[in-house]
>>> print(open('query-v6.csv').read())   # CSV, C-alpha atoms and all ligand atoms
chain,number,residue,atom,x,y,z
A,135,MET,CA,8.9,23.8,-59.2
A,136,ILE,CA,6.0,22.5,-57.1
A,137,PHE,CA,7.2,19.6,-55.1
A,138,ALA,CA,5.1,16.9,-53.4
A,139,ASP,CA,4.1,17.7,-49.8
A,140,ARG,CA,6.5,15.1,-48.4
A,141,VAL,CA,9.5,17.1,-49.5
A,142,ASN,CA,8.3,20.0,-47.3
A,143,LYS,CA,7.3,17.8,-44.5
A,144,VAL,CA,10.7,16.1,-44.1
A,145,LYS,CA,13.7,17.9,-42.5
A,146,PRO,CA,17.2,17.7,-44.0
A,147,SER,CA,19.7,15.7,-41.9
A,148,PHE,CA,21.4,18.5,-39.9
A,149,THR,CA,24.1,16.1,-38.6
A,150,LEU,CA,25.2,15.6,-42.2
A,151,GLU,CA,25.1,19.4,-42.6
A,152,MET,CA,27.3,20.0,-39.6
A,153,THR,CA,29.8,17.4,-40.9
A,154,SER,CA,29.9,19.0,-44.3
A,155,ARG,CA,30.4,22.5,-42.9
A,156,ALA,CA,33.4,21.2,-40.9
A,157,ALA,CA,34.8,19.5,-44.0
A,158,GLU,CA,34.4,22.8,-46.0
A,159,LEU,CA,36.3,24.8,-43.3
A,160,LYS,CA,39.0,22.1,-43.3
A,161,HIS,CA,39.2,22.3,-47.1
A,162,ALA,CA,39.6,26.1,-46.9
A,163,GLY,CA,42.7,25.5,-44.8
A,164,TYR,CA,41.5,25.8,-41.2
A,165,ASP,CA,42.8,23.5,-38.5
A,166,VAL,CA,39.4,21.9,-37.7
A,167,ILE,CA,38.9,19.4,-34.9
A,168,ASN,CA,35.9,17.3,-35.7
A,169,PHE,CA,33.8,15.8,-32.9
A,170,SER,CA,30.8,15.5,-35.2
A,171,ALA,CA,31.7,12.1,-36.9
A,172,GLY,CA,29.1,9.5,-36.8
A,173,GLN,CA,31.5,6.8,-37.9
A,174,PRO,CA,34.5,4.9,-36.6
A,175,ASP,CA,37.8,6.5,-37.5
A,176,PHE,CA,39.3,3.0,-38.3
A,177,ASN,CA,39.5,1.6,-41.8
A,178,THR,CA,37.5,-1.5,-42.8
A,179,PRO,CA,39.5,-4.5,-41.6
A,180,ASP,CA,41.8,-6.1,-44.3
A,181,ASN,CA,40.0,-9.5,-44.3
A,182,ILE,CA,36.7,-7.7,-45.3
A,183,ILE,CA,38.4,-5.7,-48.0
A,184,GLY,CA,40.0,-8.9,-49.3
A,185,ALA,CA,36.6,-10.6,-49.5
A,186,ALA,CA,35.3,-7.7,-51.6
A,187,LYS,CA,38.2,-7.9,-54.0
A,188,SER,CA,37.7,-11.6,-54.5
A,189,ALA,CA,34.0,-11.0,-55.0
A,190,MET,CA,34.8,-8.7,-57.9
A,191,ASP,CA,37.4,-11.0,-59.3
A,192,ASN,CA,34.9,-13.9,-59.2
A,193,GLY,CA,32.1,-12.0,-61.0
A,194,LEU,CA,29.9,-11.3,-58.0
A,195,THR,CA,29.1,-8.0,-59.6
A,196,LYS,CA,25.5,-8.6,-60.6
A,197,TYR,CA,22.1,-8.2,-59.0
A,198,THR,CA,21.5,-10.5,-56.1
A,199,ALA,CA,18.2,-11.9,-54.7
A,200,GLY,CA,16.1,-8.9,-53.7
A,201,ALA,CA,16.2,-9.8,-50.0
A,202,GLY,CA,20.0,-10.4,-50.1
A,203,MET,CA,22.3,-13.2,-51.2
A,204,ILE,CA,21.3,-16.4,-49.5
A,205,GLU,CA,24.9,-16.9,-48.3
A,206,LEU,CA,24.7,-13.5,-46.5
A,207,ARG,CA,21.3,-14.2,-45.0
A,208,GLU,CA,22.7,-17.5,-43.7
A,209,ALA,CA,25.8,-15.7,-42.3
A,210,ILE,CA,23.4,-13.2,-40.6
A,211,CYS,CA,21.6,-16.2,-39.0
A,212,LYS,CA,24.9,-17.6,-37.8
A,213,LYS,CA,26.0,-14.2,-36.4
A,214,VAL,CA,22.7,-13.7,-34.6
A,215,GLU,CA,22.9,-17.1,-33.1
A,216,ARG,CA,26.5,-16.6,-32.0
A,217,GLU,CA,26.3,-13.0,-30.7
A,218,ASN,CA,22.6,-12.6,-29.8
A,219,LYS,CA,21.7,-16.2,-28.9
A,220,ILE,CA,18.6,-16.2,-31.1
A,221,ASN,CA,17.6,-18.7,-33.8
A,222,ILE,CA,16.2,-17.2,-37.0
A,223,SER,CA,15.9,-18.5,-40.5
A,224,PRO,CA,17.1,-16.7,-43.7
A,225,LYS,CA,13.4,-16.2,-44.7
A,226,GLN,CA,13.1,-13.8,-41.7
A,227,VAL,CA,16.0,-11.7,-42.9
A,228,LEU,CA,16.1,-8.7,-45.3
A,229,VAL,CA,19.4,-7.2,-46.4
A,230,SER,CA,19.2,-3.5,-47.3
A,231,ASN,CA,21.4,-0.6,-48.4
A,232,GLY,CA,22.4,0.3,-44.9
A,233,GLU,CA,20.3,0.0,-41.7
A,234,LYS,CA,18.9,3.4,-42.5
A,235,GLN,CA,17.0,1.8,-45.4
A,236,SER,CA,15.9,-1.1,-43.1
A,237,LEU,CA,14.4,1.4,-40.6
A,238,TYR,CA,12.8,3.4,-43.4
A,239,LEU,CA,11.3,0.3,-44.9
A,240,ALA,CA,9.9,-1.0,-41.6
A,241,CYS,CA,8.1,2.4,-41.2
A,242,GLN,CA,6.9,2.3,-44.8
A,243,ALA,CA,5.6,-1.2,-44.4
A,244,LEU,CA,3.9,-0.8,-41.0
A,245,PHE,CA,2.7,2.8,-40.6
A,246,GLN,CA,0.3,5.1,-42.4
A,247,ALA,CA,-1.9,8.2,-42.0
A,248,GLY,CA,-3.9,8.1,-38.8
A,249,ASP,CA,-1.2,6.0,-36.9
A,250,GLU,CA,0.9,7.4,-34.1
A,251,VAL,CA,4.4,6.1,-33.3
A,252,ILE,CA,6.2,6.7,-30.0
A,253,ILE,CA,9.8,7.9,-30.1
A,254,PHE,CA,12.0,8.7,-27.2
A,255,SER,CA,13.7,12.1,-26.9
A,256,PRO,CA,16.7,12.7,-27.3
A,257,TYR,CA,16.2,10.8,-30.5
A,258,TRP,CA,18.3,9.9,-33.5
A,259,VAL,CA,17.4,12.6,-36.1
A,260,SER,CA,16.0,10.2,-38.6
A,261,PHE,CA,13.4,8.5,-36.5
A,262,PRO,CA,10.7,11.3,-36.6
A,263,GLU,CA,11.4,11.8,-40.3
A,264,PHE,CA,10.9,8.1,-41.1
A,265,VAL,CA,7.6,8.2,-39.3
A,266,THR,CA,6.6,11.4,-41.0
A,267,LEU,CA,7.5,10.0,-44.4
A,268,SER,CA,5.1,7.1,-43.7
A,269,ASP,CA,2.3,9.7,-43.1
A,270,ALA,CA,2.0,8.6,-39.5
A,271,LYS,CA,2.6,11.0,-36.6
A,272,PRO,CA,5.7,10.8,-34.4
A,273,VAL,CA,4.8,11.2,-30.7
A,274,LEU,CA,7.8,12.2,-28.5
A,275,VAL,CA,8.3,10.9,-24.9
A,276,ASP,CA,11.1,12.9,-23.0
A,277,THR,CA,13.8,11.1,-21.1
A,278,GLU,CA,16.4,12.6,-18.7
A,279,SER,CA,20.1,12.3,-18.2
A,280,LYS,CA,19.7,11.6,-14.5
A,281,ASN,CA,17.6,8.5,-15.4
A,282,ASN,CA,20.2,7.2,-17.9
A,283,PHE,CA,17.9,8.6,-20.6
A,284,GLU,CA,15.4,5.7,-19.8
A,285,PRO,CA,11.7,6.6,-20.1
A,286,ASN,CA,9.2,6.6,-17.3
A,287,ILE,CA,6.5,4.0,-18.0
A,288,GLU,CA,3.8,6.5,-16.9
A,289,ASP,CA,5.1,8.9,-19.6
A,290,ILE,CA,4.7,6.2,-22.2
A,291,LEU,CA,1.2,5.4,-21.0
A,292,SER,CA,0.2,9.0,-21.0
A,293,VAL,CA,0.7,9.2,-24.8
A,294,ALA,CA,-0.9,5.8,-25.6
A,295,ARG,CA,-3.9,6.1,-27.9
A,296,SER,CA,-6.1,3.7,-29.7
A,297,HIS,CA,-4.3,4.6,-32.9
A,298,THR,CA,-0.8,4.2,-31.5
A,299,LYS,CA,0.7,1.6,-33.8
A,300,GLY,CA,4.3,1.3,-32.8
A,301,ILE,CA,7.3,2.4,-30.8
A,302,ILE,CA,11.0,2.8,-31.8
A,303,ILE,CA,13.7,2.0,-29.4
A,304,ASN,CA,17.5,2.5,-29.7
A,305,SER,CA,19.9,1.2,-27.1
A,306,PRO,CA,22.8,1.9,-27.1
A,307,SER,CA,21.5,5.3,-28.3
A,308,ASN,CA,22.7,7.8,-30.7
A,309,PRO,CA,23.0,10.6,-29.5
A,310,THR,CA,23.2,9.8,-25.8
A,311,GLY,CA,25.3,6.7,-25.8
A,312,ALA,CA,23.0,5.4,-23.0
A,313,VAL,CA,22.5,1.6,-22.7
A,314,TRP,CA,19.1,0.9,-21.2
A,315,SER,CA,18.7,-1.7,-18.4
A,316,GLU,CA,17.1,-5.1,-19.2
A,317,GLU,CA,14.4,-4.3,-16.6
A,318,LYS,CA,13.4,-1.1,-18.5
A,319,ILE,CA,13.3,-2.9,-21.8
A,320,ILE,CA,11.2,-5.7,-20.3
A,321,GLU,CA,8.7,-3.0,-19.0
A,322,ILE,CA,8.5,-1.4,-22.5
A,323,LEU,CA,8.1,-4.7,-24.3
A,324,LYS,CA,5.3,-5.7,-21.9
A,325,ILE,CA,3.3,-2.6,-22.6
A,326,ALA,CA,3.9,-3.1,-26.3
A,327,GLU,CA,2.7,-6.7,-26.1
A,328,GLU,CA,-0.4,-5.7,-24.1
A,329,LYS,CA,-1.3,-2.8,-26.4
A,330,ASN,CA,-0.4,-4.7,-29.6
A,331,TRP,CA,2.2,-2.1,-30.6
A,332,ILE,CA,5.0,-3.1,-33.0
A,333,VAL,CA,8.5,-2.4,-31.7
A,334,ILE,CA,11.2,-1.4,-34.1
A,335,SER,CA,14.4,-2.0,-32.3
A,336,ASP,CA,17.4,-0.2,-33.7
A,337,GLU,CA,20.4,-2.2,-32.6
A,338,CYS,CA,22.9,-0.3,-34.7
A,339,TYR,CA,25.4,-0.1,-31.8
A,340,GLU,CA,24.7,-3.5,-30.2
A,341,ARG,CA,28.4,-4.6,-30.2
A,342,LEU,CA,29.8,-1.2,-29.0
A,343,VAL,CA,28.9,-1.7,-25.3
A,344,PHE,CA,31.7,-1.2,-22.7
A,345,ASP,CA,30.6,-2.2,-19.2
A,346,GLN,CA,28.3,-5.2,-19.7
A,347,LYS,CA,27.3,-7.7,-22.3
A,348,ILE,CA,24.4,-6.3,-24.4
A,349,THR,CA,21.3,-8.3,-24.8
A,350,ILE,CA,19.1,-7.2,-27.7
A,351,SER,CA,15.4,-6.6,-27.3
A,352,GLN,CA,14.3,-9.8,-29.2
A,353,LYS,CA,16.5,-12.0,-26.9
A,354,ILE,CA,15.0,-10.2,-23.8
A,355,ALA,CA,11.5,-10.9,-25.2
A,356,ASN,CA,12.3,-14.5,-25.8
A,357,ASP,CA,13.8,-15.0,-22.3
A,358,ASN,CA,10.8,-13.5,-20.7
A,359,ASN,CA,8.2,-15.3,-22.8
A,360,LEU,CA,7.0,-12.0,-24.3
A,361,LYS,CA,5.2,-12.3,-27.6
A,362,THR,CA,5.8,-8.6,-28.5
A,363,GLU,CA,6.1,-8.1,-32.3
A,364,ILE,CA,9.7,-6.9,-32.8
A,365,ILE,CA,11.5,-5.9,-36.0
A,366,THR,CA,15.2,-5.8,-35.2
A,367,CYS,CA,17.4,-3.6,-37.4
A,368,MET,CA,21.2,-4.0,-37.4
A,369,SER,CA,24.1,-2.4,-39.3
A,370,MET,CA,27.5,-3.4,-40.7
A,371,SER,CA,28.5,0.2,-40.5
A,372,LYS,CA,29.7,0.8,-37.0
A,373,THR,CA,30.8,-2.7,-35.8
A,374,TYR,CA,32.9,-3.3,-38.8
A,375,ALA,CA,33.8,0.3,-39.8
A,376,MET,CA,31.9,-0.2,-43.0
A,377,THR,CA,29.8,3.0,-43.2
A,378,GLY,CA,30.5,3.6,-46.9
A,379,TRP,CA,29.6,0.0,-47.9
A,380,ARG,CA,25.9,0.6,-47.2
A,381,ILE,CA,24.9,-2.7,-45.8
A,382,GLY,CA,22.3,-3.2,-43.0
A,383,TYR,CA,19.7,-5.8,-42.2
A,384,SER,CA,16.5,-6.5,-40.4
A,385,PHE,CA,14.8,-9.6,-39.1
A,386,GLY,CA,11.6,-10.6,-37.5
A,387,ASN,CA,8.1,-11.8,-38.5
A,388,ILE,CA,8.2,-13.3,-42.0
A,389,ASP,CA,5.1,-11.4,-43.2
A,390,ILE,CA,6.6,-8.0,-42.1
A,391,ILE,CA,9.9,-8.9,-43.7
A,392,LYS,CA,8.1,-9.9,-47.0
A,393,ALA,CA,6.2,-6.6,-47.0
A,394,MET,CA,9.5,-4.6,-46.5
A,395,SER,CA,11.2,-6.7,-49.2
A,396,LYS,CA,8.3,-5.9,-51.6
A,397,ILE,CA,8.9,-2.2,-51.2
A,398,GLN,CA,12.7,-2.5,-51.4
A,399,GLY,CA,12.3,-4.6,-54.6
A,400,GLN,CA,10.6,-1.7,-56.3
A,401,ALA,CA,12.8,1.0,-54.8
A,402,THR,CA,16.3,-0.3,-55.1
A,403,SER,CA,16.1,-4.0,-56.3
A,404,CYS,CA,18.8,-5.2,-53.9
A,405,ALA,CA,21.8,-4.1,-51.8
A,406,ASN,CA,25.1,-3.8,-53.6
A,407,SER,CA,26.5,-7.3,-54.3
A,408,ILE,CA,30.2,-6.6,-53.4
A,409,GLY,CA,29.2,-5.1,-50.1
A,410,GLN,CA,27.1,-8.1,-49.4
A,411,ALA,CA,30.0,-10.5,-50.2
A,412,ALA,CA,32.3,-8.5,-47.9
A,413,SER,CA,29.6,-8.6,-45.2
A,414,ILE,CA,29.7,-12.4,-45.1
A,415,GLU,CA,33.4,-12.3,-44.2
A,416,ALA,CA,32.7,-9.5,-41.7
A,417,LEU,CA,30.0,-11.5,-39.9
A,418,ILE,CA,31.6,-15.0,-39.8
A,419,GLY,CA,35.3,-14.2,-40.2
A,420,ASN,CA,37.8,-13.2,-37.6
A,421,GLN,CA,36.2,-10.9,-35.0
A,422,GLU,CA,39.5,-9.7,-33.4
A,423,ASN,CA,39.3,-6.3,-35.0
A,424,VAL,CA,35.9,-5.7,-33.4
A,425,ASP,CA,37.2,-6.6,-30.0
A,426,SER,CA,40.2,-4.3,-30.3
A,427,MET,CA,38.0,-1.4,-31.6
A,428,ILE,CA,35.7,-1.8,-28.5
A,429,GLU,CA,38.8,-1.6,-26.2
A,430,VAL,CA,40.0,1.6,-27.9
A,431,PHE,CA,36.5,3.2,-27.8
A,432,LYS,CA,36.2,2.4,-24.1
A,433,GLU,CA,39.5,4.0,-23.3
A,434,ARG,CA,38.6,7.1,-25.2
A,435,ARG,CA,35.2,7.3,-23.6
A,436,ASP,CA,36.7,7.3,-20.1
A,437,TYR,CA,39.3,9.9,-21.2
A,438,MET,CA,36.8,12.2,-22.9
A,439,VAL,CA,34.1,12.0,-20.2
A,440,GLU,CA,36.7,12.8,-17.4
A,441,ILE,CA,37.9,15.9,-19.3
A,442,LEU,CA,34.3,17.0,-20.0
A,443,ASN,CA,33.3,16.7,-16.4
A,444,ASN,CA,36.3,18.8,-15.4
A,445,LEU,CA,35.2,21.7,-17.6
A,446,PRO,CA,33.4,24.5,-15.6
A,447,GLU,CA,29.6,24.0,-15.4
A,448,VAL,CA,29.6,21.1,-17.8
A,449,GLU,CA,28.0,17.8,-16.8
A,450,CYS,CA,28.4,14.5,-18.6
A,451,ARG,CA,26.9,11.1,-17.7
A,452,LEU,CA,29.2,8.1,-18.4
A,453,PRO,CA,27.6,6.6,-21.6
A,454,GLY,CA,27.5,2.8,-21.7
A,455,GLY,CA,27.9,2.3,-25.4
A,456,ALA,CA,28.2,3.7,-29.0
A,457,PHE,CA,30.9,6.3,-29.5
A,458,TYR,CA,29.2,9.5,-28.3
A,459,ALA,CA,29.4,11.6,-25.1
A,460,PHE,CA,26.4,13.8,-24.5
A,461,PRO,CA,27.2,16.5,-22.0
A,462,SER,CA,24.9,19.3,-20.8
A,463,PHE,CA,26.1,22.8,-21.5
A,464,ASN,CA,22.8,24.2,-20.4
A,465,SER,CA,24.3,26.7,-17.9
A,466,PHE,CA,25.7,28.6,-20.8
A,467,VAL,CA,22.4,29.1,-22.6
A,468,GLY,CA,21.0,32.6,-22.0
A,469,LYS,CA,24.5,34.0,-21.3
A,470,ASN,CA,26.7,36.1,-23.7
A,471,TYR,CA,29.7,35.5,-25.8
A,472,LYS,CA,31.3,38.6,-27.2
A,473,ASN,CA,28.1,40.6,-26.4
A,474,LYS,CA,25.9,38.1,-28.3
A,475,THR,CA,23.3,36.1,-26.4
A,476,ILE,CA,23.5,32.3,-26.7
A,477,LYS,CA,19.9,31.2,-27.3
A,478,ASP,CA,20.4,27.5,-27.6
A,479,SER,CA,22.9,24.7,-28.3
A,480,PHE,CA,22.8,25.6,-32.0
A,481,ASP,CA,24.3,29.0,-31.2
A,482,LEU,CA,26.8,27.4,-28.9
A,483,CYS,CA,28.0,24.9,-31.5
A,484,GLU,CA,28.2,27.7,-34.0
A,485,ILE,CA,30.6,29.6,-31.7
A,486,PHE,CA,32.7,26.4,-31.2
A,487,LEU,CA,32.9,26.0,-34.9
A,488,ASN,CA,33.5,29.6,-36.0
A,489,GLU,CA,35.7,30.7,-33.2
A,490,ALA,CA,37.6,27.6,-32.2
A,491,TYR,CA,37.2,25.4,-35.3
A,492,VAL,CA,35.7,22.6,-33.3
A,493,ALA,CA,32.8,20.8,-34.9
A,494,THR,CA,30.2,19.3,-32.5
A,495,ILE,CA,26.5,18.5,-32.9
A,496,PRO,CA,23.9,20.6,-31.1
A,497,GLY,CA,21.6,18.6,-28.8
A,498,ASP,CA,18.6,20.8,-29.7
A,499,GLY,CA,18.5,19.0,-33.1
A,500,PHE,CA,18.0,15.7,-31.2
A,501,GLY,CA,15.3,17.1,-29.0
A,502,ALA,CA,17.7,17.8,-26.2
A,503,PRO,CA,18.0,21.5,-25.4
A,504,GLY,CA,21.3,22.6,-23.9
A,505,TYR,CA,23.1,19.4,-24.8
A,506,VAL,CA,26.0,18.9,-27.2
A,507,ARG,CA,27.0,15.6,-28.9
A,508,PHE,CA,30.8,14.8,-29.0
A,509,SER,CA,31.9,11.8,-31.0
A,510,TYR,CA,35.0,10.0,-29.7
A,511,ALA,CA,35.7,8.4,-33.0
A,512,ILE,CA,38.9,10.5,-32.9
A,513,ASP,CA,42.3,9.9,-31.2
A,514,LYS,CA,43.1,10.9,-27.6
A,515,LYS,CA,45.5,13.7,-28.4
A,516,THR,CA,42.9,15.4,-30.7
A,517,ILE,CA,40.3,14.9,-28.0
A,518,LYS,CA,42.5,16.7,-25.5
A,519,ASP,CA,43.3,19.6,-28.0
A,520,GLY,CA,39.7,20.0,-29.0
A,521,LEU,CA,38.3,20.1,-25.5
A,522,GLY,CA,41.1,22.5,-24.6
A,523,ARG,CA,39.8,24.9,-27.3
A,524,ILE,CA,36.2,24.4,-25.9
A,525,GLU,CA,37.4,25.3,-22.4
A,526,LYS,CA,39.0,28.5,-23.6
A,527,ILE,CA,35.7,29.5,-25.3
A,528,ILE,CA,33.4,28.7,-22.4
A,529,LYS,CA,35.6,30.7,-20.0
A,530,GLU,CA,34.8,33.7,-22.1
A,531,ILE,CA,31.1,33.2,-21.8
A,532,LYS,CA,29.6,35.7,-19.3
B,1,LIG,N1,20.6,3.9,-36.4
B,1,LIG,C1,21.3,4.8,-35.7
B,1,LIG,C2,21.0,5.1,-34.3
B,1,LIG,C3,22.4,5.4,-36.3
B,1,LIG,O1,23.2,6.3,-35.6
B,1,LIG,C4,22.7,5.1,-37.7
B,1,LIG,C5,23.8,5.8,-38.4
B,1,LIG,O2,24.3,6.8,-38.0
B,1,LIG,C6,21.9,4.2,-38.3
B,1,LIG,C7,20.8,3.6,-37.7
B,1,LIG,C8,22.1,3.8,-39.8
B,1,LIG,O3,23.3,3.1,-40.1
B,1,LIG,P1,23.6,2.6,-41.6
B,1,LIG,O4,22.5,3.1,-42.5
B,1,LIG,O5,24.9,3.2,-41.9
B,1,LIG,O6,23.6,1.1,-41.5
>>> encode(input="query-v6.csv", output="C-alpha cells", more="lines below")
Ligand code: PLP
Amino acid sequence: MIFADRVNKVKPSFTLEMTSRAAELKHAGYDVINFSAGQPDFNTPDNIIGAAKSAMDNGLTKYTAGAGMIELREAICKKVERENKINISPKQVLVSNGEKQSLYLACQALFQAGDEVIIFSPYWVSFPEFVTLSDAKPVLVDTESKNNFEPNIEDILSVARSHTKGIIINSPSNPTGAVWSEEKIIEILKIAEEKNWIVISDECYERLVFDQKITISQKIANDNNLKTEIITCMSMSKTYAMTGWRIGYSFGNIDIIKAMSKIQGQATSCANSIGQAASIEALIGNQENVDSMIEVFKERRDYMVEILNNLPEVECRLPGGAFYAFPSFNSFVGKNYKNKTIKDSFDLCEIFLNEAYVATIPGDGFGAPGYVRFSYAIDKKTIKDGLGRIEKIIKEIK
C-alpha cells in the first residue's frame, strides 16, 4: 500500500508504546512497576460520574453543537473566570475530543508549508508532530535543567525568521514538570507580540502546581497590557482524572476559534455528549477532589525527588507542577551493563524494563538526552519499591 507522505513524516507516540509494552509484560505475569503513566491513578470523582449517568438517563446521547454544548461553554467561561481570572464569552470557546485535538486543530488552522514554529526542548512528544502534520517546520530551542528548563531569550531570537509564525509553550511542562516564572513568560509574550507570532499555550497541567498559584499566559498578557495573540488549550484529563472521557477545550480570538471549529466540524462533528455533560459538573461542581489530589501529588513529588537525588550519580530538580520527575542519568550513558554499552536513555530504560520490570520513559524521546521521565501517579510504597529496583541496576553499571 502506498500511503500519503504525512504517514511517513509523522512519528508514532513512543510514550504510548512504552506504556503498552509495560502492560504486555504485566499481562504475561511479570511484577511490573509502572512509572510511565501519563494520567492520574485516581478514579474520576463520583459527582462527575453521576452527572454522566443522569445525562444518559435524560437522553443527552445525541450530537451536540459542533463547538460544544452551550451549557458547557458557559461552564468553561465560569471556570476560567473563577480560576484564571479572565473574562471570555462562549463564542470564544471550542470544546474538542481531548486537548490533544484542540492543539492539533490550532496547528491545522494556523500553520502551513513555509511556516516555522518554535518549540522548546525537552518537549511533549506531540508538539513537533502537530506542527509537521500542518506542513510547517518545527524549530527547536534547547532549555537546561539548571535554568528550570526556561529558555534564554537570545536563543529564541537566534532562530527567529521572517517566516516564523508561532510558538508553543507548556508550563507546567510534560516531561519536565517545570513551572516557568511569570517574568520569563512575559519576556516570551513580549517577543511574540513584537514579531507577530501566535502563541499556543498548552495549560494542560494548570491546576497541578504545588509551590505557588499558577497564572496562565493569557492572564499574564492581560495584566501586562500585552496584545499577544494567544490560543489557550486546556484539558479535563489531568485535573479531574478524566483521561478516558476525551474532553478538552481551547479559547481565544473568535476568528481563530471559528477556523478551528470549521475543521473539527468536518473531522469529528463534536465531542462526545456524555463527556460534555459530565464536564459541566466537573468544572462548576465541588472542587474538593481536585484540592486533595494536588495535596497527594505534592507529597509524592517530594518523596520521589528525595529518593532520586539519593541515588548514586542521579540528579533531579524539584519540579513545580504536573506529576513528573525528570532526573538526569547522564553519567551512566557510555558505561556498560552486563558487558553491553548504554548508548542513550532508550538503552537505559530498556534495561530498567527488561531486567527490573520497571517502566520509565526515556528523555531522548523528548529531546532530552540522558534524562528519564518518572511519573508519580503511583502510590508511595510502589515509588519506593520501584526506585529500589532502579538503584540495584545502576549499581551494576560500570
Ligand atoms: N498537553 C500535554 C502537555 C499533555 O501531557 C497531554 C496529555 O498527556 C495533553 C496535552 C493532552 O491531553 P488530553 O488530550 O487528554 O486532554
>>> residues_near_ligand(input="query-v6.csv", ligand="ligand LIG 1 (chain B)", cutoff="7 Å", atoms="all atoms listed in the file", output="list in words")
Gly172, Gly232, Glu233, Lys234, Gln235, Trp258, Asn304, Ser307, Asn308, Asp336, Cys338, Met368, Ser369, Met370, Ser371, Thr377, Arg380, Ile381 and Gly382 of chain A
>>> closest_residue(input="query-v6.csv", among="A:Glu205, A:Glu250, A:Asp165, A:Glu422", to="Asp180 of chain A", atoms="only C-alpha atoms")
A:Glu422
>>> closest_atom_pairs(input="query-v6.csv", of="segment 316-427 of chain A", to="segment 213-228 of chain A", cutoff="12 Å", atoms="all atoms listed in the file", output="Markdown table")
| residue | atom | partner | partner_atom | distance |
| --- | --- | --- | --- | --- |
| A:Glu337 | CA | A:Asn218 | CA | 11.0 |
| A:Glu340 | CA | A:Asn218 | CA | 9.3 |
| A:Arg341 | CA | A:Glu217 | CA | 8.7 |
| A:Lys347 | CA | A:Glu217 | CA | 10.0 |
| A:Ile348 | CA | A:Asn218 | CA | 8.5 |
| A:Thr349 | CA | A:Asn218 | CA | 6.7 |
| A:Ile350 | CA | A:Asn218 | CA | 6.8 |
| A:Ser351 | CA | A:Asn218 | CA | 9.7 |
| A:Gln352 | CA | A:Ile220 | CA | 7.9 |
| A:Lys353 | CA | A:Ile220 | CA | 6.3 |
| A:Ile354 | CA | A:Asn218 | CA | 10.0 |
| A:Ala355 | CA | A:Ile220 | CA | 10.6 |
| A:Asn356 | CA | A:Ile220 | CA | 8.4 |
| A:Asp357 | CA | A:Ile220 | CA | 10.1 |
| A:Ile364 | CA | A:Gln226 | CA | 11.8 |
| A:Ile365 | CA | A:Gln226 | CA | 9.9 |
| A:Thr366 | CA | A:Val227 | CA | 9.7 |
| A:Cys367 | CA | A:Leu228 | CA | 9.5 |
| A:Met368 | CA | A:Val214 | CA | 10.2 |
| A:Ser369 | CA | A:Leu228 | CA | 11.8 |
| A:Met370 | CA | A:Lys213 | CA | 11.7 |
| A:Ile381 | CA | A:Leu228 | CA | 10.7 |
| A:Gly382 | CA | A:Leu228 | CA | 8.6 |
| A:Tyr383 | CA | A:Leu228 | CA | 5.6 |
| A:Ser384 | CA | A:Leu228 | CA | 5.4 |
| A:Phe385 | CA | A:Val227 | CA | 4.5 |
| A:Gly386 | CA | A:Gln226 | CA | 5.5 |
| A:Asn387 | CA | A:Gln226 | CA | 6.3 |
| A:Ile388 | CA | A:Gln226 | CA | 4.9 |
| A:Asp389 | CA | A:Gln226 | CA | 8.5 |
| A:Ile390 | CA | A:Gln226 | CA | 8.7 |
| A:Ile391 | CA | A:Gln226 | CA | 6.2 |
| A:Lys392 | CA | A:Gln226 | CA | 8.3 |
| A:Ala393 | CA | A:Leu228 | CA | 10.3 |
| A:Met394 | CA | A:Leu228 | CA | 7.9 |
| A:Ser395 | CA | A:Leu228 | CA | 6.6 |
| A:Lys396 | CA | A:Leu228 | CA | 10.4 |
| A:Ile397 | CA | A:Leu228 | CA | 11.4 |
| A:Gln398 | CA | A:Leu228 | CA | 9.3 |
| A:Gly399 | CA | A:Leu228 | CA | 10.9 |
| A:Ser403 | CA | A:Leu228 | CA | 12.0 |
| A:Cys404 | CA | A:Leu228 | CA | 9.7 |
| A:Ala405 | CA | A:Leu228 | CA | 9.8 |
| A:Gln410 | CA | A:Leu228 | CA | 11.8 |
| A:Ser413 | CA | A:Lys213 | CA | 11.0 |
| A:Ile414 | CA | A:Lys213 | CA | 9.6 |
| A:Glu415 | CA | A:Lys213 | CA | 10.9 |
| A:Ala416 | CA | A:Lys213 | CA | 9.8 |
| A:Leu417 | CA | A:Lys213 | CA | 6.0 |
| A:Ile418 | CA | A:Lys213 | CA | 6.6 |
| A:Gly419 | CA | A:Lys213 | CA | 10.0 |
| A:Asn420 | CA | A:Lys213 | CA | 11.9 |
| A:Gln421 | CA | A:Lys213 | CA | 10.8 |
>>> closest_atom_pairs(input="query-v6.csv", of="segment 159-268 of chain A", to="segment 506-512 of chain A", cutoff="6 Å", atoms="all atoms listed in the file", output="JSON lines")
{"residue": "A:Phe169", "atom": "CA", "partner": "A:Ser509", "partner_atom": "CA", "distance": 4.8}
{"residue": "A:Ser170", "atom": "CA", "partner": "A:Ser509", "partner_atom": "CA", "distance": 5.7}
{"residue": "A:Ala171", "atom": "CA", "partner": "A:Ser509", "partner_atom": "CA", "distance": 5.9}
{"residue": "A:Pro174", "atom": "CA", "partner": "A:Ala511", "partner_atom": "CA", "distance": 5.2}
{"residue": "A:Asp175", "atom": "CA", "partner": "A:Ala511", "partner_atom": "CA", "distance": 5.3}
>>> residues_around(input="query-v6.csv", residues="Lys472 of chain A", least_positions_apart="6", cutoff="9 Å", atoms="only C-alpha atoms", output="VMD selection string")
chain A and resid 530 to 532
>>> closest_residue(input="query-v6.csv", among="A:Met376, A:Val313, A:Leu206, A:Val265", to="Ser279 of chain A", atoms="all atoms listed in the file")
A:Val313
>>> atom_distance(input="query-v6.csv", atom1="atom CA of Glu429 of chain A", atom2="atom CA of Phe283 of chain A")
23.9 Å
>>> closest_residue(input="query-v6.csv", among="A:Asp513, A:Asp276, A:Asp436, A:Asp478", to="Gly499 of chain A", atoms="only C-alpha atoms")
A:Asp478
>>> atom_distance(input="query-v6.csv", atom1="atom CA of Asn282 of chain A", atom2="atom CA of Gly504 of chain A")
16.6 Å
>>> closest_residue(input="query-v6.csv", among="A:Ile319, A:Leu194, A:Ile210, A:Ala401", to="Val333 of chain A", atoms="all atoms listed in the file")
A:Ile319
>>> residues_around(input="query-v6.csv", residues="Leu244 of chain A", least_positions_apart="3", cutoff="9 Å", atoms="only C-alpha atoms", output="MDAnalysis selection string")
chainID A and resid 239:241 268 299:300 332 390 393:394
